[in-house]
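Text of run02.cif (mmCIF, C-alpha atoms) as supplied:
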data_structure
loop_
_atom_site.label_atom_id
_atom_site.label_comp_id
_atom_site.auth_asym_id
_atom_site.auth_seq_id
_atom_site.Cartn_x
_atom_site.Cartn_y
_atom_site.Cartn_z
CA MET A 1 23.33 -32.16 -100.92
CA GLN A 2 20.24 -30.26 -99.98
CA ARG A 3 19.18 -32.99 -97.46
CA LYS A 4 22.55 -32.86 -95.68
CA ALA A 5 22.27 -29.09 -95.29
CA TYR A 6 18.80 -29.44 -93.79
CA VAL A 7 19.90 -32.04 -91.23
CA SER A 8 22.89 -29.92 -90.19
CA GLY A 9 20.63 -26.91 -89.65
CA VAL A 10 18.22 -28.86 -87.44
CA ALA A 11 21.12 -30.18 -85.34
CA ALA A 12 22.47 -26.67 -84.84
CA LEU A 13 19.03 -25.39 -83.78
CA LEU A 14 18.62 -28.20 -81.21
CA ALA A 15 22.04 -27.43 -79.76
CA VAL A 16 21.07 -23.76 -79.22
CA VAL A 17 17.74 -24.72 -77.58
CA LEU A 18 19.42 -27.21 -75.23
CA ALA A 19 22.06 -24.65 -74.23
CA GLY A 20 19.34 -22.11 -73.45
CA CYS A 21 17.45 -24.59 -71.26
CA THR A 22 20.58 -25.45 -69.31
CA GLY A 23 21.37 -21.77 -68.66
CA GLY A 24 17.77 -21.05 -67.61
CA SER A 25 17.78 -23.89 -65.10
CA GLY A 26 20.95 -22.58 -63.45
CA SER A 27 19.69 -19.01 -63.11
CA GLY A 28 16.37 -20.22 -61.78
CA GLU A 29 18.03 -21.97 -58.86
CA GLN A 30 19.87 -18.85 -57.67
CA PRO A 31 16.94 -17.15 -55.81
CA ASP A 32 16.21 -20.38 -53.90
CA ASP A 33 19.81 -20.58 -52.70
CA SER A 34 19.76 -16.95 -51.53
CA LYS A 35 16.53 -17.43 -49.61
CA ALA A 36 17.81 -20.56 -47.94
CA GLY A 37 20.99 -18.77 -46.92
CA GLY A 38 19.02 -15.82 -45.53
CA SER A 39 16.84 -18.03 -43.36
CA THR A 40 19.79 -19.68 -41.65
CA THR A 41 21.35 -16.34 -40.61
CA THR A 42 18.27 -14.93 -38.81
CA ALA A 43 19.27 -13.84 -35.27
CA PRO A 44 17.22 -15.25 -32.38
CA ALA A 45 14.83 -12.86 -30.62
CA ALA A 46 16.13 -11.18 -27.44
CA GLN A 47 15.00 -12.65 -24.13
CA PRO A 48 11.78 -11.31 -22.54
CA GLY A 49 11.92 -9.75 -19.08
CA LYS A 50 11.57 -11.68 -15.85
CA TYR A 51 8.32 -10.00 -14.87
CA ARG A 52 5.11 -10.31 -16.89
CA THR A 53 2.78 -8.67 -14.32
CA LEU A 54 2.96 -6.02 -11.60
CA PRO A 55 1.92 -6.09 -7.93
CA GLU A 56 -1.11 -4.13 -6.77
CA PRO A 57 0.63 -0.96 -5.49
CA CYS A 58 -1.92 0.18 -2.90
CA GLY A 59 -1.62 -3.20 -1.20
CA ALA A 60 2.17 -3.42 -1.53
CA VAL A 61 2.85 -1.19 1.51
CA SER A 62 1.99 -2.68 4.91
CA HIS A 63 0.04 -0.80 7.59
CA ASP A 64 3.05 -0.83 9.89
CA THR A 65 5.20 0.83 7.20
CA LEU A 66 2.51 3.41 6.50
CA ASP A 67 2.31 4.19 10.24
CA THR A 68 6.01 5.10 10.10
CA LEU A 69 5.92 7.04 6.85
CA LEU A 70 2.62 8.80 7.57
CA PRO A 71 2.44 9.46 11.33
CA GLY A 72 -0.87 11.27 10.94
CA ILE A 73 -2.69 7.99 10.31
CA GLY A 74 -2.28 7.02 13.95
CA GLN A 75 -3.88 10.33 15.00
CA ILE A 76 -7.12 9.63 13.13
CA ALA A 77 -9.75 8.73 15.73
CA ASP A 78 -12.42 7.56 13.29
CA GLU A 79 -11.66 3.93 12.41
CA GLU A 80 -13.43 4.04 9.05
CA GLN A 81 -11.55 7.15 8.00
CA ARG A 82 -8.28 5.63 9.17
CA GLU A 83 -8.86 2.51 7.05
CA LYS A 84 -9.61 4.72 4.05
CA GLU A 85 -6.27 6.48 4.48
CA TYR A 86 -4.50 3.12 4.66
CA GLU A 87 -6.03 2.14 1.31
CA GLY A 88 -4.47 5.04 -0.57
CA GLU A 89 -5.56 6.21 -4.01
CA ALA A 90 -4.60 4.46 -7.25
CA THR A 91 -2.96 6.70 -9.83
CA PRO A 92 -4.55 6.85 -13.31
CA THR A 93 -3.15 4.33 -15.79
CA TYR A 94 -4.00 3.12 -19.29
CA ASP A 95 -2.45 -0.33 -18.98
CA THR A 96 -2.19 -2.03 -15.58
CA ASP A 97 0.16 -4.65 -17.05
CA ARG A 98 2.68 -1.93 -17.88
CA ARG A 99 2.36 0.72 -15.14
CA VAL A 100 0.54 1.12 -11.83
CA GLY A 101 0.87 3.42 -8.85
CA CYS A 102 -0.66 4.51 -5.55
CA ARG A 103 -0.46 7.71 -3.52
CA TRP A 104 -1.22 8.69 0.06
CA LYS A 105 -1.61 12.11 1.72
CA VAL A 106 -2.04 12.36 5.47
CA GLU A 107 -1.97 15.38 7.77
CA SER A 108 -0.78 15.27 11.36
CA THR A 109 -0.57 17.91 14.07
CA SER A 110 2.98 18.78 13.01
CA ALA A 111 3.25 18.09 9.26
CA THR A 112 1.65 16.88 6.04
CA ASP A 113 3.19 13.76 4.49
CA HIS A 114 2.84 12.52 0.91
CA LEU A 115 3.85 9.11 -0.43
CA LEU A 116 3.84 7.86 -4.02
CA VAL A 117 4.74 4.32 -5.11
CA ASP A 118 5.04 3.66 -8.85
CA PHE A 119 5.75 0.37 -10.67
CA GLU A 120 6.73 0.40 -14.35
CA ARG A 121 7.23 -2.80 -16.36
CA VAL A 122 9.43 -2.09 -19.36
CA VAL A 123 8.85 -4.01 -22.59
CA SER A 124 11.12 -3.82 -25.65
CA TYR A 125 9.41 -4.00 -29.01
CA ASP A 126 12.74 -4.54 -30.77
CA ASN A 127 13.56 -8.23 -31.27
CA ALA A 128 17.26 -7.39 -31.04
CA VAL A 129 16.92 -5.66 -27.63
CA SER A 130 15.88 -7.54 -24.49
CA ASP A 131 13.37 -6.15 -21.98
CA ASP A 132 16.15 -5.90 -19.38
CA SER A 133 18.37 -3.89 -21.73
CA LYS A 134 15.50 -1.54 -22.51
CA ALA A 135 14.80 -1.15 -18.77
CA GLU A 136 18.47 -0.27 -18.24
CA GLU A 137 18.08 2.54 -20.78
CA VAL A 138 14.93 3.87 -19.09
CA TYR A 139 16.59 3.74 -15.67
CA ALA A 140 19.70 5.51 -16.98
CA THR A 141 17.50 8.32 -18.31
CA LYS A 142 15.92 8.77 -14.88
CA GLU A 143 19.28 8.80 -13.12
CA THR A 144 20.67 11.34 -15.58
CA ALA A 145 17.62 13.57 -15.09
CA ALA A 146 18.19 13.46 -11.30
CA ASP A 147 21.56 15.17 -11.87
CA LEU A 148 23.24 13.53 -8.90
CA PRO A 149 26.35 15.30 -7.61
CA GLU A 150 29.74 13.66 -7.95
CA PRO A 151 30.64 11.85 -4.70
CA ALA A 152 33.21 13.75 -2.66
CA ALA A 153 36.64 12.11 -2.87
CA GLY A 154 37.78 10.63 0.42
CA SER A 155 34.63 11.75 2.20
CA THR A 156 33.76 9.95 5.43
CA GLY A 157 30.15 11.13 5.42
CA SER A 158 30.60 12.91 8.76
CA SER A 159 29.27 16.43 9.27
CA ASP A 160 31.05 17.09 12.58
CA SER A 161 33.80 19.29 11.21
CA THR A 162 33.67 19.21 7.42
CA ASP A 163 31.05 19.77 4.77
CA SER A 164 30.45 17.64 1.67
CA THR A 165 33.30 19.35 -0.18
CA GLY A 166 35.84 18.55 2.50
CA SER A 167 36.16 22.20 3.63
CA PRO A 168 35.74 23.19 7.28
CA SER A 169 32.09 23.75 8.14
CA GLY A 170 31.11 27.39 7.76
CA SER A 171 34.50 28.36 6.31
CA ALA A 172 34.87 31.11 3.74
CA SER A 173 34.48 30.19 0.09
CA ALA A 174 36.77 31.34 -2.71
CA ASP A 175 34.83 34.57 -3.19
CA GLY A 176 34.97 35.42 0.50
CA GLU A 177 31.44 34.33 1.38
CA SER A 178 30.77 31.59 3.90
CA ALA A 179 29.41 28.27 2.63
CA ASP A 180 26.07 28.97 4.31
CA ALA A 181 25.78 32.44 2.81
CA ALA A 182 26.61 31.18 -0.67
CA ALA A 183 23.90 28.51 -0.62
CA PRO A 184 20.80 29.26 -2.74
CA SER A 185 17.72 30.33 -0.81
CA GLY A 186 15.37 27.47 0.01
CA THR A 187 18.01 24.75 -0.30
CA ALA A 188 20.20 23.09 2.28
CA SER A 189 23.78 24.37 2.37
CA ALA A 190 26.67 21.97 1.94
CA SER A 191 27.60 22.29 5.61
CA GLU A 192 24.06 21.32 6.64
CA THR A 193 24.03 18.08 4.65
CA PRO A 194 26.79 15.52 5.32
CA ALA A 195 28.18 13.62 2.35
CA ALA A 196 26.49 10.40 3.47
CA LEU A 197 23.09 12.07 2.98
CA GLN A 198 23.80 13.73 -0.37
CA PRO A 199 21.88 12.50 -3.44
CA ARG A 200 23.70 9.34 -4.56
CA THR A 201 23.58 5.89 -6.09
CA LEU A 202 22.68 3.05 -3.72
CA ASP A 203 24.25 -0.38 -3.34
CA GLY A 204 22.37 -3.56 -2.45
CA LEU A 205 19.00 -2.42 -3.78
CA GLY A 206 17.74 -4.24 -6.87
CA ASP A 207 20.07 -4.32 -9.88
CA GLU A 208 20.80 -0.59 -9.63
CA ALA A 209 19.36 2.29 -7.61
CA PHE A 210 19.73 5.93 -6.68
CA LEU A 211 18.38 8.35 -4.07
CA ASN A 212 17.62 12.03 -4.50
CA ASP A 213 16.91 14.55 -1.73
CA LYS A 214 15.55 18.03 -2.41
CA LEU A 215 14.61 20.81 -0.04
CA SER A 216 12.33 23.56 -1.31
CA ALA A 217 10.60 26.56 0.22
CA SER A 218 6.84 26.22 0.57
CA GLY A 219 4.87 29.29 1.50
CA SER A 220 6.42 32.02 3.63
CA THR A 221 8.09 29.84 6.29
CA ALA A 222 7.64 26.08 5.91
CA GLN A 223 10.17 24.03 3.94
CA GLN A 224 9.25 20.83 2.11
CA ARG A 225 11.70 17.98 1.78
CA THR A 226 11.22 15.40 -0.97
CA VAL A 227 13.15 12.13 -0.97
CA THR A 228 13.01 10.01 -4.12
CA VAL A 229 14.29 6.44 -4.40
CA VAL A 230 14.38 4.74 -7.81
CA PHE A 231 15.56 1.19 -8.37
CA ARG A 232 15.48 -1.37 -11.17
CA THR A 233 14.97 -5.09 -10.76
CA SER A 234 15.18 -6.90 -14.10
CA ASN A 235 12.62 -5.21 -16.39
CA VAL A 236 10.68 -3.38 -13.63
CA ILE A 237 11.50 0.12 -12.39
CA VAL A 238 10.18 1.16 -8.96
CA THR A 239 9.89 4.81 -7.96
CA ILE A 240 9.19 6.05 -4.42
CA GLU A 241 8.50 9.73 -3.77
CA TYR A 242 8.18 10.69 -0.12
CA ASP A 243 7.86 14.26 1.07
CA GLU A 244 7.08 16.06 4.29
CA GLN A 245 6.03 19.66 4.89
CA PRO A 246 5.85 21.05 8.44
CA THR A 247 2.51 22.56 9.34
CA ALA A 248 3.90 25.81 10.72
CA SER A 249 7.52 25.42 11.78
CA ALA A 250 10.23 26.95 9.60
CA GLU A 251 12.57 24.11 10.50
CA ALA A 252 13.28 21.76 7.58
CA PRO A 253 12.26 18.10 7.91
CA ASP A 254 15.14 15.87 8.98
CA SER A 255 17.00 14.52 5.94
CA LYS A 256 18.30 11.33 7.55
CA GLU A 257 14.93 10.40 9.01
CA LEU A 258 13.10 10.75 5.70
CA GLN A 259 15.84 8.97 3.74
CA ASP A 260 15.89 6.06 6.18
CA ARG A 261 12.13 5.67 5.89
CA ALA A 262 12.18 5.78 2.07
CA GLU A 263 15.10 3.35 1.80
CA ASN A 264 13.44 0.94 4.22
CA LEU A 265 10.30 0.93 2.09
CA ALA A 266 12.39 0.40 -1.06
CA GLN A 267 14.08 -2.65 0.47
CA LYS A 268 10.71 -4.14 1.38
CA LEU A 269 9.34 -3.60 -2.12
CA ALA A 270 12.47 -5.15 -3.64
CA GLU A 271 11.93 -8.22 -1.47
CA THR A 272 8.36 -8.42 -2.76
CA PHE A 273 9.65 -8.76 -6.32
CA ASN A 274 12.45 -11.16 -5.43
CA GLY A 275 10.12 -13.31 -3.38
#
Do you think you could lay out the structure here as structure tokens?
Amino acid sequence: MQRKAYVSGVAALLAVVLAGCTGGSGSGEQPDDSKAGGSTTTAPAAQPGKYRTLPEPCGAVSHDTLDTLLPGIGQIADEEQREKEYEGEATPTYDTDRRVGCRWKVESTSATDHLLVDFERVVSYDNAVSDDSKAEEVYATKETAADLPEPAAGSTGSSDSTDSTGSPSGSASADGESADAAAPSGTASASETPAALQPRTLDGLGDEAFLNDKLSASGSTAQQRTVTVVFRTSNVIVTIEYDEQPTASAEAPDSKELQDRAENLAQKLAETFNG
């Protein structure tokens, strides 16, 4: 009787041990399954941008284009000095793979002209956001900061008889003042700037683009006009700042002339990237 009791106890103990081993094996496999499942759901990294390098900005603008933008260069008699002006001056940068720029300043008998060309290559450090998407965000920030006016509805862009708001040129405003009188000092009135020359977004330039045009008083008489063109092509954002200040005349620089010059340069730079 005592031997049977002993055997039964041993059998019961073995059954408990075997059950424990089976349960331990099952729980031990669970972390491996979770890890395997996690590895298969990892999202692929977002695509890198099209451009990995940037052009040399001081060499990106041809001499012929600089002759148009900076008329004073052609008035420089000394050939060595003229070549130096063509070369421009590189803007300070900490990483030439990410941002580079060049500026020019040339005086003529009638005005002083400044030109800045800036290239910025945008890189996203978020694997879920592509370089192009990040560049879109950076561009959108610049456009928002420019505070472009809403385009006039049904405007033809003509300044012959209407201003940018569609009211007769020089007509009285709601408070009884004329449009010219109500304009802030040092800025062009609405009747002076046709809708087609107002700050605006641009079509057919890179992936997206805008133009800004500001007129500011400089000194006691001269007025300085600054035209800025910004466009994005893939993950690169190009900024052109072009301004002119008359030497003595109080007459403001011509808006259309400066805008045409800046837009022409922008188109040429866009072709450089696309080529």
(request) Give me, please, the distance in Å between atom CA of A:Thr141 and atom CA of A:Val230, quoted to one decimal. (result)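 We find that atom CA of A:Thr141 and atom CA of A:Val230 lie 11.5 Å from each other.
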(request) Grab the atom CA of A:Lys134 to atom CA of A:Arg121 distance for me, in Å with one decimal place. (result)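 Value for the atom CA of A:Lys134-atom CA of A:Arg121 distance: 10.4 Å.
Between atom CA of A:Asp67 and atom CA of A:Arg98 lies a distance of 28.8 Å.
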(request) Counting only C-alpha atoms, figure out which residue out of A:Phe273, A:Tyr86, A:Phe119, A:Phe231 gets nearest to A:Glu143. (result)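 Of the candidates, the smallest distance to A:Glu143 is held by A:Phe231.
Run against this file, the PyMOL selection byres ((chain A and resi 120) around 10) gives back Thr53, Leu54, Thr96, Asp97, Arg98, Arg99, Val100, Gly101, Asp118, Phe119, Arg121, Val122, Val123, Ala135, Arg232, Asn235, Val236, Ile237, Val238 and Thr239 of chain A.
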Could you take the residues named above and write them with C-alpha atoms, as a CSV table (one decimal), in the frame of the given file?
chain,number,residue,atom,x,y,z
A,53,THR,CA,2.8,-8.7,-14.3
A,54,LEU,CA,3.0,-6.0,-11.6
A,96,THR,CA,-2.2,-2.0,-15.6
A,97,ASP,CA,0.2,-4.6,-17.0
A,98,ARG,CA,2.7,-1.9,-17.9
A,99,ARG,CA,2.4,0.7,-15.1
A,100,VAL,CA,0.5,1.1,-11.8
A,101,GLY,CA,0.9,3.4,-8.8
A,118,ASP,CA,5.0,3.7,-8.8
A,119,PHE,CA,5.8,0.4,-10.7
A,121,ARG,CA,7.2,-2.8,-16.4
A,122,VAL,CA,9.4,-2.1,-19.4
A,123,VAL,CA,8.8,-4.0,-22.6
A,135,ALA,CA,14.8,-1.2,-18.8
A,232,ARG,CA,15.5,-1.4,-11.2
A,235,ASN,CA,12.6,-5.2,-16.4
A,236,VAL,CA,10.7,-3.4,-13.6
A,237,ILE,CA,11.5,0.1,-12.4
A,238,VAL,CA,10.2,1.2,-9.0
A,239,THR,CA,9.9,4.8,-8.0
(message) Here is a test: counting all atoms listed in the file, which residue of A:Thr144, A:Thr65, A:Asn274, A:Ser234 is nearest to A:Ser130?
(response)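 Closest to A:Ser130 of all the choices is A:Ser234.
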(message) Running the PyMOL selection byres ((chain A and resi 213) around 8) on this model by hand, what would come out? Give it as a list in words.
(response) Gln198, Pro199, Leu211, Asn212, Lys214, Leu215, Arg225, Thr226, Val227, Thr228, Ser255 and Gln259 of chain A
With C-alpha atoms kept, could you save the residues just selected as a CSV table (one decimal), in the coordinates of the input?
chain,number,residue,atom,x,y,z
A,198,GLN,CA,23.8,13.7,-0.4
A,199,PRO,CA,21.9,12.5,-3.4
A,211,LEU,CA,18.4,8.4,-4.1
A,212,ASN,CA,17.6,12.0,-4.5
A,214,LYS,CA,15.6,18.0,-2.4
A,215,LEU,CA,14.6,20.8,0.0
A,225,ARG,CA,11.7,18.0,1.8
A,226,THR,CA,11.2,15.4,-1.0
A,227,VAL,CA,13.2,12.1,-1.0
A,228,THR,CA,13.0,10.0,-4.1
A,255,SER,CA,17.0,14.5,5.9
A,259,GLN,CA,15.8,9.0,3.7
